[in-house]
file query.txt (compact mmCIF, C-alpha atoms and all ligand atoms)
# COMPACT_ATOMS: atom_id res chain seq x y z
CA MET A 71 0.00 0.00 0.00
CA LEU A 72 1.31 3.46 -0.94
CA LYS A 73 2.42 5.34 2.17
CA VAL A 74 1.79 9.08 2.34
CA LEU A 75 3.24 11.32 5.03
CA ALA A 76 1.72 14.82 5.08
CA PHE A 77 2.53 17.95 7.08
CA ASN A 78 0.50 21.13 7.36
CA GLY A 79 2.62 24.13 8.39
CA SER A 80 -0.24 26.58 9.00
CA PRO A 81 -0.66 27.96 12.53
CA LYS A 82 -4.41 27.83 11.80
CA MET A 83 -4.17 24.07 11.24
CA GLU A 84 -7.60 22.46 10.55
CA ALA A 85 -9.34 25.85 10.39
CA GLY A 86 -6.99 27.38 7.81
CA ASN A 87 -7.18 28.02 4.08
CA THR A 88 -4.40 25.55 3.29
CA GLN A 89 -6.41 22.76 4.86
CA MET A 90 -9.33 23.54 2.49
CA ILE A 91 -7.17 22.14 -0.32
CA LEU A 92 -5.07 19.67 1.67
CA GLY A 93 -8.16 17.94 3.18
CA PRO A 94 -9.78 16.81 -0.11
CA PHE A 95 -6.34 16.03 -1.63
CA LEU A 96 -5.54 13.58 1.18
CA GLU A 97 -9.10 12.25 1.06
CA GLY A 98 -8.66 11.48 -2.66
CA MET A 99 -5.46 9.59 -1.89
CA ARG A 100 -7.23 7.57 0.82
CA GLU A 101 -10.10 6.80 -1.59
CA ALA A 102 -7.54 5.44 -4.07
CA GLY A 103 -6.17 3.13 -1.38
CA ALA A 104 -3.21 5.03 0.13
CA ASP A 105 -2.25 4.91 3.79
CA VAL A 106 -2.18 8.62 4.77
CA GLU A 107 -0.79 10.19 7.96
CA LEU A 108 -1.08 13.93 8.64
CA TYR A 109 0.82 16.08 11.16
CA TYR A 110 0.46 19.77 11.97
CA THR A 111 3.85 21.38 12.51
CA ALA A 112 2.32 23.70 15.13
CA ARG A 113 1.65 20.66 17.32
CA LEU A 114 5.08 19.09 16.88
CA ASN A 115 7.87 19.34 19.40
CA LEU A 116 10.62 20.34 16.99
CA GLY A 117 13.55 22.59 17.81
CA PRO A 118 15.48 24.36 15.05
CA CYS A 119 18.41 22.55 13.41
CA GLN A 120 21.63 23.42 15.27
CA GLY A 121 23.82 22.74 12.22
CA GLU A 122 26.40 20.73 14.17
CA LEU A 123 25.97 17.85 11.65
CA GLY A 124 26.29 15.04 14.21
CA CYS A 125 23.30 13.40 12.46
CA MET A 126 25.37 13.16 9.28
CA PHE A 127 28.70 11.97 10.73
CA ARG A 128 28.82 10.93 14.42
CA THR A 129 25.38 9.24 14.71
CA PRO A 130 24.17 8.89 11.06
CA GLY A 131 20.44 9.56 10.70
CA VAL A 132 19.94 10.35 14.40
CA CYS A 133 19.73 13.86 15.87
CA PHE A 134 21.02 14.58 19.38
CA GLN A 135 17.96 16.77 20.11
CA ASP A 136 15.38 14.89 22.15
CA ASP A 137 12.26 15.91 20.23
CA ASP A 138 9.97 14.58 17.44
CA ALA A 139 12.51 14.74 14.56
CA ASN A 140 14.00 11.23 14.80
CA ARG A 141 10.55 9.62 14.95
CA LEU A 142 9.30 11.66 11.97
CA ALA A 143 12.45 10.96 9.93
CA GLU A 144 11.79 7.24 10.45
CA LYS A 145 8.29 7.72 9.03
CA ALA A 146 9.57 9.88 6.17
CA ARG A 147 12.13 7.21 5.16
CA ALA A 148 9.27 4.72 4.81
CA ALA A 149 6.97 7.11 2.91
CA ASP A 150 6.43 6.88 -0.85
CA VAL A 151 4.92 10.37 -0.97
CA ILE A 152 5.74 13.33 1.28
CA VAL A 153 3.27 16.23 1.21
CA LEU A 154 4.40 19.62 2.45
CA ALA A 155 1.42 21.95 2.91
CA SER A 156 1.96 25.54 3.95
CA PRO A 157 0.42 28.96 3.58
CA LEU A 158 2.67 31.35 1.68
CA TYR A 159 4.49 33.49 4.24
CA VAL A 160 6.67 36.25 2.76
CA SER A 161 6.88 34.29 -0.52
CA GLY A 162 8.03 31.09 1.22
CA VAL A 163 6.78 28.46 3.65
CA THR A 164 6.01 29.17 7.31
CA GLY A 165 8.78 29.10 9.90
CA THR A 166 7.60 25.85 11.47
CA MET A 167 7.47 24.20 8.02
CA LYS A 168 10.98 25.40 7.14
CA ASN A 169 12.14 24.10 10.49
CA LEU A 170 10.66 20.68 9.70
CA MET A 171 12.26 20.71 6.23
CA ASP A 172 15.68 21.51 7.72
CA ARG A 173 15.44 18.83 10.37
CA LEU A 174 14.17 16.06 8.06
CA THR A 175 16.62 16.88 5.28
CA ALA A 176 19.58 16.72 7.66
CA LEU A 177 18.41 13.33 8.92
CA MET A 178 17.53 11.79 5.56
CA VAL A 179 20.03 13.04 3.02
CA ASN A 180 23.22 11.16 2.17
CA PRO A 181 26.00 13.71 2.94
CA ILE A 182 28.15 12.42 0.06
CA PHE A 183 28.54 14.86 -2.88
CA ALA A 184 28.18 13.83 -6.52
CA ALA A 185 28.68 15.92 -9.65
CA GLY A 186 26.40 15.66 -12.69
CA GLY A 187 27.63 16.07 -16.27
CA ASP A 188 26.03 19.52 -16.29
CA GLY A 189 28.38 20.77 -13.55
CA ARG A 190 25.71 20.62 -10.86
CA THR A 191 26.47 18.99 -7.52
CA TYR A 192 23.94 16.95 -5.58
CA HIS A 193 23.52 14.37 -2.80
CA PRO A 194 23.14 10.91 -4.40
CA ALA A 195 20.86 8.20 -3.04
CA ARG A 196 22.48 5.48 -0.90
CA ALA A 197 22.46 1.97 -2.42
CA GLY A 198 18.92 0.57 -2.30
CA GLU A 199 17.55 3.72 -0.66
CA LYS A 200 13.87 4.51 -1.18
CA ARG A 201 12.95 7.53 -3.37
CA HIS A 202 10.16 9.83 -2.24
CA ARG A 203 7.79 11.88 -4.35
CA LEU A 204 7.31 15.38 -2.94
CA VAL A 205 4.05 17.33 -3.34
CA LEU A 206 3.59 20.96 -2.32
CA VAL A 207 0.18 22.27 -1.24
CA SER A 208 0.02 26.00 -0.67
CA SER A 209 -2.48 28.83 -0.30
CA CYS A 210 -1.97 32.57 -0.39
CA ALA A 211 -3.90 35.81 -0.03
CA MET A 212 -2.95 37.58 -3.23
CA TRP A 213 -4.57 37.19 -6.60
CA GLU A 214 -2.10 35.70 -9.04
CA VAL A 215 -0.76 32.14 -9.08
CA GLU A 216 2.74 33.49 -9.89
CA LYS A 217 3.03 34.47 -6.21
CA PHE A 218 4.00 30.82 -5.64
CA ASP A 219 6.97 30.93 -8.06
CA PRO A 220 9.63 31.29 -5.30
CA VAL A 221 8.34 28.33 -3.30
CA ILE A 222 7.97 26.20 -6.46
CA GLU A 223 11.58 27.03 -7.29
CA GLN A 224 12.59 25.86 -3.79
CA MET A 225 10.84 22.50 -4.40
CA ARG A 226 12.62 22.16 -7.78
CA ALA A 227 15.93 22.88 -6.05
CA ILE A 228 15.26 20.15 -3.48
CA ASP A 229 14.55 17.76 -6.38
CA ARG A 230 17.81 18.72 -8.14
CA ASP A 231 19.97 18.64 -5.00
CA THR A 232 18.77 15.39 -3.39
CA GLU A 233 18.48 12.25 -5.49
CA ILE A 234 16.03 10.63 -3.07
CA ILE A 235 13.43 13.37 -3.68
CA GLU A 236 11.38 13.81 -6.84
CA PHE A 237 9.12 16.88 -7.00
CA ALA A 238 5.79 15.56 -8.33
CA GLY A 239 3.84 18.83 -8.53
CA ALA A 240 1.90 21.38 -6.53
CA LEU A 241 -1.66 22.23 -5.56
CA LEU A 242 -1.72 26.02 -5.38
CA ARG A 243 -4.63 28.15 -4.21
CA PRO A 244 -4.24 31.91 -4.77
CA HIS A 245 -6.83 34.37 -3.33
CA ALA A 246 -7.72 31.58 -0.92
CA ASP A 247 -9.92 33.80 1.26
CA PHE A 248 -12.24 34.21 -1.71
CA LEU A 249 -12.61 30.43 -1.92
CA ARG A 250 -13.61 30.39 1.75
CA GLY A 251 -16.09 33.26 1.22
CA MET A 252 -17.58 31.67 -1.89
CA LEU A 253 -18.03 28.34 -0.10
CA ASP A 254 -19.75 30.15 2.81
CA PHE A 255 -22.13 31.84 0.37
CA ARG A 256 -22.61 28.61 -1.61
CA MET A 257 -21.26 30.22 -4.78
CA PRO A 258 -20.06 27.90 -7.55
CA CYS A 259 -16.51 26.88 -6.64
CA ARG A 260 -16.78 23.31 -5.44
CA ASP A 261 -14.99 22.22 -8.64
CA VAL A 262 -11.80 23.51 -6.97
CA LEU A 263 -12.21 21.12 -4.02
CA GLU A 264 -13.24 18.29 -6.34
CA ALA A 265 -10.10 18.89 -8.44
CA ALA A 266 -7.96 18.69 -5.27
CA ARG A 267 -9.60 15.36 -4.45
CA GLU A 268 -9.11 14.14 -8.02
CA ALA A 269 -5.41 15.14 -7.88
CA GLY A 270 -5.07 12.86 -4.84
CA ARG A 271 -6.73 9.97 -6.65
CA GLN A 272 -4.57 10.53 -9.75
CA LEU A 273 -1.33 10.59 -7.77
CA VAL A 274 -2.07 7.19 -6.22
CA ARG A 275 -3.72 5.60 -9.24
CA ASP A 276 -1.62 7.01 -12.12
CA GLY A 277 1.58 7.98 -10.31
CA GLY A 278 1.16 11.67 -11.26
CA MET A 279 -1.31 14.56 -11.35
CA SER A 280 -2.61 16.05 -14.59
CA ASP A 281 -1.86 19.69 -15.44
CA ARG A 282 -5.53 20.18 -16.22
CA THR A 283 -6.60 19.07 -12.73
CA LEU A 284 -3.95 21.21 -11.02
CA THR A 285 -5.02 24.22 -13.08
CA ILE A 286 -8.59 23.88 -11.77
CA VAL A 287 -7.26 23.88 -8.18
CA SER A 288 -5.61 27.26 -8.90
CA ARG A 289 -8.29 28.69 -11.14
CA ARG A 290 -9.23 32.35 -10.97
CA LEU A 291 -12.29 32.86 -8.77
CA VAL A 292 -12.75 36.61 -9.24
CA PRO A 293 -11.52 39.19 -11.76
CA LEU A 294 -8.57 41.28 -10.58
CA ARG A 295 -10.60 44.51 -10.29
CA LEU A 296 -13.15 42.81 -8.04
CA PHE A 297 -10.38 41.19 -5.99
CA VAL A 298 -8.89 44.60 -5.21
CA ARG A 299 -12.24 46.22 -4.44
CA ILE A 300 -13.66 43.44 -2.26
CA GLY A 301 -10.29 42.84 -0.60
CA ASN A 302 -9.96 46.49 0.35
CA ALA A 303 -13.58 46.81 1.47
CA TYR A 304 -13.00 43.85 3.79
CA THR A 305 -9.70 45.25 5.08
CA ARG A 306 -11.20 48.72 5.69
CA ARG A 307 -14.08 47.23 7.63
CA LYS A 308 -11.65 45.20 9.71
CA ILE A 309 -9.52 48.24 10.58
CA GLY A 310 -12.54 50.44 11.20
CA HIS A 311 -12.31 52.73 8.16
CA ALA A 312 -15.71 51.83 6.75
CA GLY A 313 -17.23 54.51 4.56
CA LYS A 314 -13.90 55.95 3.37
CA ARG A 315 -13.59 56.45 -0.37
CA GLU A 316 -12.62 53.33 -2.34
CA GLN A 317 -9.07 53.40 -3.67
CA ALA A 318 -9.15 53.82 -7.45
CA VAL A 319 -8.29 50.69 -9.39
CA PRO A 320 -6.15 51.57 -12.45
CA ALA A 321 -7.83 50.86 -15.78
CA ALA A 322 -4.76 48.79 -16.75
CA VAL A 323 -5.91 46.00 -14.44
CA ASP A 324 -8.54 45.00 -16.98
CA ALA A 325 -5.79 44.25 -19.51
CA VAL A 326 -3.90 42.26 -16.89
CA ASP A 327 -7.10 40.45 -16.10
CA SER A 328 -7.57 39.27 -19.67
CA ALA A 329 -3.92 38.18 -19.71
CA GLY A 330 -4.70 36.28 -16.49
CA ALA A 331 -7.55 34.53 -18.27
CA LEU A 332 -5.10 33.46 -20.97
CA ARG A 333 -2.65 32.27 -18.33
CA ALA A 334 -5.37 30.10 -16.80
CA ARG A 335 -4.49 27.45 -19.39
CA PRO A 336 -2.65 24.45 -17.92
CA ARG A 337 0.82 25.41 -16.67
CA ARG A 338 3.53 22.86 -16.08
CA ILE A 339 4.70 23.26 -12.47
CA ARG A 340 7.01 20.34 -11.97
C1 LIG B 1 3.19 36.55 8.11
C2 LIG B 1 2.36 36.35 6.87
C3 LIG B 1 2.95 36.46 5.64
C4 LIG B 1 2.20 36.30 4.48
N1 LIG B 1 2.83 36.42 3.26
C5 LIG B 1 2.10 36.29 2.12
C6 LIG B 1 2.72 36.47 0.85
O1 LIG B 1 3.92 36.65 0.71
N2 LIG B 1 1.92 36.41 -0.26
C7 LIG B 1 0.57 36.17 -0.18
O2 LIG B 1 -0.11 36.17 -1.20
N3 LIG B 1 -0.03 35.95 1.03
C8 LIG B 1 0.70 36.02 2.17
N4 LIG B 1 0.09 35.80 3.40
C9 LIG B 1 -1.32 35.36 3.45
C10 LIG B 1 -1.47 33.82 3.63
O3 LIG B 1 -0.61 33.12 2.76
C11 LIG B 1 -2.90 33.37 3.33
O4 LIG B 1 -3.82 34.06 4.11
C12 LIG B 1 -3.07 31.87 3.49
O5 LIG B 1 -4.20 31.44 2.76
C13 LIG B 1 -3.26 31.47 4.95
O6 LIG B 1 -3.37 30.07 5.04
P1 LIG B 1 -3.82 29.35 6.39
O7 LIG B 1 -5.20 29.86 6.72
O8 LIG B 1 -3.80 27.90 6.08
O9 LIG B 1 -2.81 29.71 7.44
C14 LIG B 1 0.83 35.99 4.56
C15 LIG B 1 0.22 35.86 5.83
C16 LIG B 1 0.97 36.05 6.97
C17 LIG B 1 0.30 35.90 8.31

call {"tool": "encode", "arguments": {"input": "query.txt", "output": "structure tokens", "more": "lines below"}}
Ligand SMILES: Cc1cc2nc3c(=O)[nH]c(=O)nc-3n(C[C@H](O)[C@H](O)[C@H](O)COP(=O)(O)O)c2cc1C
result
Amino acid sequence: MLKVLAFNGSPKMEAGNTQMILGPFLEGMREAGADVELYYTARLNLGPCQGELGCMFRTPGVCFQDDDANRLAEKARAADVIVLASPLYVSGVTGTMKNLMDRLTALMVNPIFAAGGDGRTYHPARAGEKRHRLVLVSSCAMWEVEKFDPVIEQMRAIDRDTEIIEFAGALLRPHADFLRGMLDFRMPCRDVLEAAREAGRQLVRDGGMSDRTLTIVSRRLVPLRLFVRIGNAYTRRKIGHAGKREQAVPAAVDAVDSAGALRARPRRIR
């Protein structure tokens, strides 16, 4: 049975936007027969990596810190798929998620260096070592899916630098608060959740997720102009400036919006 180990790095955990996508994705994997385990980084006892590298040399694969890392690394070594789910924080993952990534990488990666023909260096797999497919799930506040480019690039770098990890793709949900609002008001957007579930089924059943399905997960829910207006109206109400004049939205956003509609075609993100 395919083993999936998932982590959600949001401090909001079950109640957060990231979980709106992660939940159905994991459910789809379970439906397709996978054994899925989920941890919230906020509930883990996990100190930051101290960088003394004892886990690589003195006691290979074992950290001297008496917390959850050794137990989780054991689970990660046995996993076929590792899911890292995190809200976008300052264009990256949350601090607790980065902490987990540092700790697990130090414990799992073979410290030997290898050089590829293209001049790139990487950590090769040990003989007979299991490879793991890595999936990113992320949500963010802003409108455009390109906001995830830095974190996608980080996942690609992990794939290039560590032979045991293969980046299998990402479920990305921009303007995630609009998804929550639309679900609350029963507006048509359940296709996004269904696509997340389908991506989970595909990964287990077919060994990969289709670009078409992933594009639906990220699809535009509101035009840019409306995003700015509604977003600001909400923010003003929250900070007690209700009734103040709306900030003008430049006419150019309509052009960007149509370009956004063009961009909504399937994008390869592996
Ligand atoms: C400290 C902090 C930094 C953030 N940085 C970004 C960002 O760089 N880009 C963005 O679009 N949203 C950003 N956000 C918004 C979150 O990514 C967004 O609300 C996300 O959906 C929250 O997910 P959660 O409810 O699962 O925690 C940030 C939020 C916080 C609290």

call {"tool": "atom_distance", "arguments": {"input": "query.txt", "atom1": "CA of Pro244 (chain A)", "atom2": "CA of Glu214 (chain A)"}}
result
6.1 Å

call {"tool": "residues_near_ligand", "arguments": {"input": "query.txt", "ligand": "ligand LIG 1 (chain B)", "cutoff": "12 Å", "atoms": "all atoms listed in the file", "output": "PyMOL selection string"}}
result
chain A and resi 77-93+110-112+155-167+207-221+242-250+301

call {"tool": "write_last_selection", "arguments": {"input": "query.txt", "atoms": "C-alpha atoms", "output": "compact mmCIF listing (two decimals), in the coordinates of the input"}}
result
# COMPACT_ATOMS: atom_id res chain seq x y z
CA PHE A 77 2.53 17.95 7.08
CA ASN A 78 0.50 21.13 7.36
CA GLY A 79 2.62 24.13 8.39
CA SER A 80 -0.24 26.58 9.00
CA PRO A 81 -0.66 27.96 12.53
CA LYS A 82 -4.41 27.83 11.80
CA MET A 83 -4.17 24.07 11.24
CA GLU A 84 -7.60 22.46 10.55
CA ALA A 85 -9.34 25.85 10.39
CA GLY A 86 -6.99 27.38 7.81
CA ASN A 87 -7.18 28.02 4.08
CA THR A 88 -4.40 25.55 3.29
CA GLN A 89 -6.41 22.76 4.86
CA MET A 90 -9.33 23.54 2.49
CA ILE A 91 -7.17 22.14 -0.32
CA LEU A 92 -5.07 19.67 1.67
CA GLY A 93 -8.16 17.94 3.18
CA TYR A 110 0.46 19.77 11.97
CA THR A 111 3.85 21.38 12.51
CA ALA A 112 2.32 23.70 15.13
CA ALA A 155 1.42 21.95 2.91
CA SER A 156 1.96 25.54 3.95
CA PRO A 157 0.42 28.96 3.58
CA LEU A 158 2.67 31.35 1.68
CA TYR A 159 4.49 33.49 4.24
CA VAL A 160 6.67 36.25 2.76
CA SER A 161 6.88 34.29 -0.52
CA GLY A 162 8.03 31.09 1.22
CA VAL A 163 6.78 28.46 3.65
CA THR A 164 6.01 29.17 7.31
CA GLY A 165 8.78 29.10 9.90
CA THR A 166 7.60 25.85 11.47
CA MET A 167 7.47 24.20 8.02
CA VAL A 207 0.18 22.27 -1.24
CA SER A 208 0.02 26.00 -0.67
CA SER A 209 -2.48 28.83 -0.30
CA CYS A 210 -1.97 32.57 -0.39
CA ALA A 211 -3.90 35.81 -0.03
CA MET A 212 -2.95 37.58 -3.23
CA TRP A 213 -4.57 37.19 -6.60
CA GLU A 214 -2.10 35.70 -9.04
CA VAL A 215 -0.76 32.14 -9.08
CA GLU A 216 2.74 33.49 -9.89
CA LYS A 217 3.03 34.47 -6.21
CA PHE A 218 4.00 30.82 -5.64
CA ASP A 219 6.97 30.93 -8.06
CA PRO A 220 9.63 31.29 -5.30
CA VAL A 221 8.34 28.33 -3.30
CA LEU A 242 -1.72 26.02 -5.38
CA ARG A 243 -4.63 28.15 -4.21
CA PRO A 244 -4.24 31.91 -4.77
CA HIS A 245 -6.83 34.37 -3.33
CA ALA A 246 -7.72 31.58 -0.92
CA ASP A 247 -9.92 33.80 1.26
CA PHE A 248 -12.24 34.21 -1.71
CA LEU A 249 -12.61 30.43 -1.92
CA ARG A 250 -13.61 30.39 1.75
CA GLY A 301 -10.29 42.84 -0.60

call {"tool": "closest_atom_pairs", "arguments": {"input": "query.txt", "of": "region 162-201 of chain A", "to": "region 222-236 of chain A", "cutoff": "8 Å", "atoms": "only C-alpha atoms", "output": "JSON lines"}}
result
{"residue": "A:Val179", "atom": "CA", "partner": "A:Thr232", "partner_atom": "CA", "distance": 6.9}
{"residue": "A:Thr191", "atom": "CA", "partner": "A:Asp231", "partner_atom": "CA", "distance": 7.0}
{"residue": "A:Tyr192", "atom": "CA", "partner": "A:Asp231", "partner_atom": "CA", "distance": 4.4}
{"residue": "A:His193", "atom": "CA", "partner": "A:Thr232", "partner_atom": "CA", "distance": 4.9}
{"residue": "A:Pro194", "atom": "CA", "partner": "A:Glu233", "partner_atom": "CA", "distance": 5.0}
{"residue": "A:Ala195", "atom": "CA", "partner": "A:Glu233", "partner_atom": "CA", "distance": 5.3}
{"residue": "A:Glu199", "atom": "CA", "partner": "A:Ile234", "partner_atom": "CA", "distance": 7.5}
{"residue": "A:Lys200", "atom": "CA", "partner": "A:Ile234", "partner_atom": "CA", "distance": 6.8}
{"residue": "A:Arg201", "atom": "CA", "partner": "A:Ile234", "partner_atom": "CA", "distance": 4.4}

call {"tool": "closest_atom_pairs", "arguments": {"input": "query.txt", "of": "region 113-206 of chain A", "to": "region 268-279 of chain A", "cutoff": "12 Å", "atoms": "only C-alpha atoms", "output": "Markdown table"}}
result
| residue | atom | partner | partner_atom | distance |
| --- | --- | --- | --- | --- |
| A:Asp150 | CA | A:Val274 | CA | 10.1 |
| A:Val151 | CA | A:Leu273 | CA | 9.2 |
| A:Ile152 | CA | A:Leu273 | CA | 11.8 |
| A:Val153 | CA | A:Gly270 | CA | 10.8 |
| A:His202 | CA | A:Gly277 | CA | 11.9 |
| A:Arg203 | CA | A:Gly277 | CA | 9.4 |
| A:Leu204 | CA | A:Gly278 | CA | 11.0 |
| A:Val205 | CA | A:Leu273 | CA | 9.7 |

call {"tool": "axis_aligned_box", "arguments": {"input": "query.txt", "around": "region 289-308 of chain A", "padding_each_side": "6 Å", "output": "AutoDock Vina command-line options"}}
result
--center_x -11.2 --center_y 38.7 --center_z -1.0 --size_x 17.8 --size_y 32.0 --size_z 33.5

call {"tool": "atom_distance", "arguments": {"input": "query.txt", "atom1": "CA of Leu142 (chain A)", "atom2": "CA of Gly98 (chain A)"}}
result
23.2 Å

call {"tool": "atom_distance", "arguments": {"input": "query.txt", "atom1": "CA of Glu264 (chain A)", "atom2": "CA of Val106 (chain A)"}}
result
18.4 Å

call {"tool": "residues_around", "arguments": {"input": "query.txt", "residues": "Asp172 (chain A)", "least_positions_apart": "5", "cutoff": "10 Å", "atoms": "all atoms listed in the file", "output": "JSON list (two decimals) with C-alpha atoms, keeping the file's coordinate frame"}}
result
[["chain", "number", "residue", "atom", "x", "y", "z"],
["A", 118, "PRO", "CA", 15.48, 24.36, 15.05],
["A", 119, "CYS", "CA", 18.41, 22.55, 13.41],
["A", 120, "GLN", "CA", 21.63, 23.42, 15.27],
["A", 121, "GLY", "CA", 23.82, 22.74, 12.22],
["A", 166, "THR", "CA", 7.60, 25.85, 11.47],
["A", 167, "MET", "CA", 7.47, 24.20, 8.02],
["A", 177, "LEU", "CA", 18.41, 13.33, 8.92]]

call {"tool": "residues_around", "arguments": {"input": "query.txt", "residues": "Arg141 (chain A)", "least_positions_apart": "6", "cutoff": "12 Å", "atoms": "all atoms listed in the file", "output": "PyMOL selection string"}}
result
chain A and resi 114-116+131-133+135+147-148+173-174+177-178

call {"tool": "closest_residue", "arguments": {"input": "query.txt", "among": "A:Ala185, A:Met257, A:Ala149, A:Ala240", "to": "Val292 (chain A)", "atoms": "only C-alpha atoms"}}
result
A:Met257

call {"tool": "residues_around", "arguments": {"input": "query.txt", "residues": "Met71 (chain A)", "least_positions_apart": "2", "cutoff": "10 Å", "atoms": "only C-alpha atoms", "output": "list in words"}}
result
Lys73, Val74, Gly103, Ala104, Asp105, Asp150 and Val274 of chain A

call {"tool": "closest_residue", "arguments": {"input": "query.txt", "among": "A:Asp281, A:Asp254, A:Glu97, A:Glu107", "to": "Lys145 (chain A)", "atoms": "only C-alpha atoms"}}
result
A:Glu107
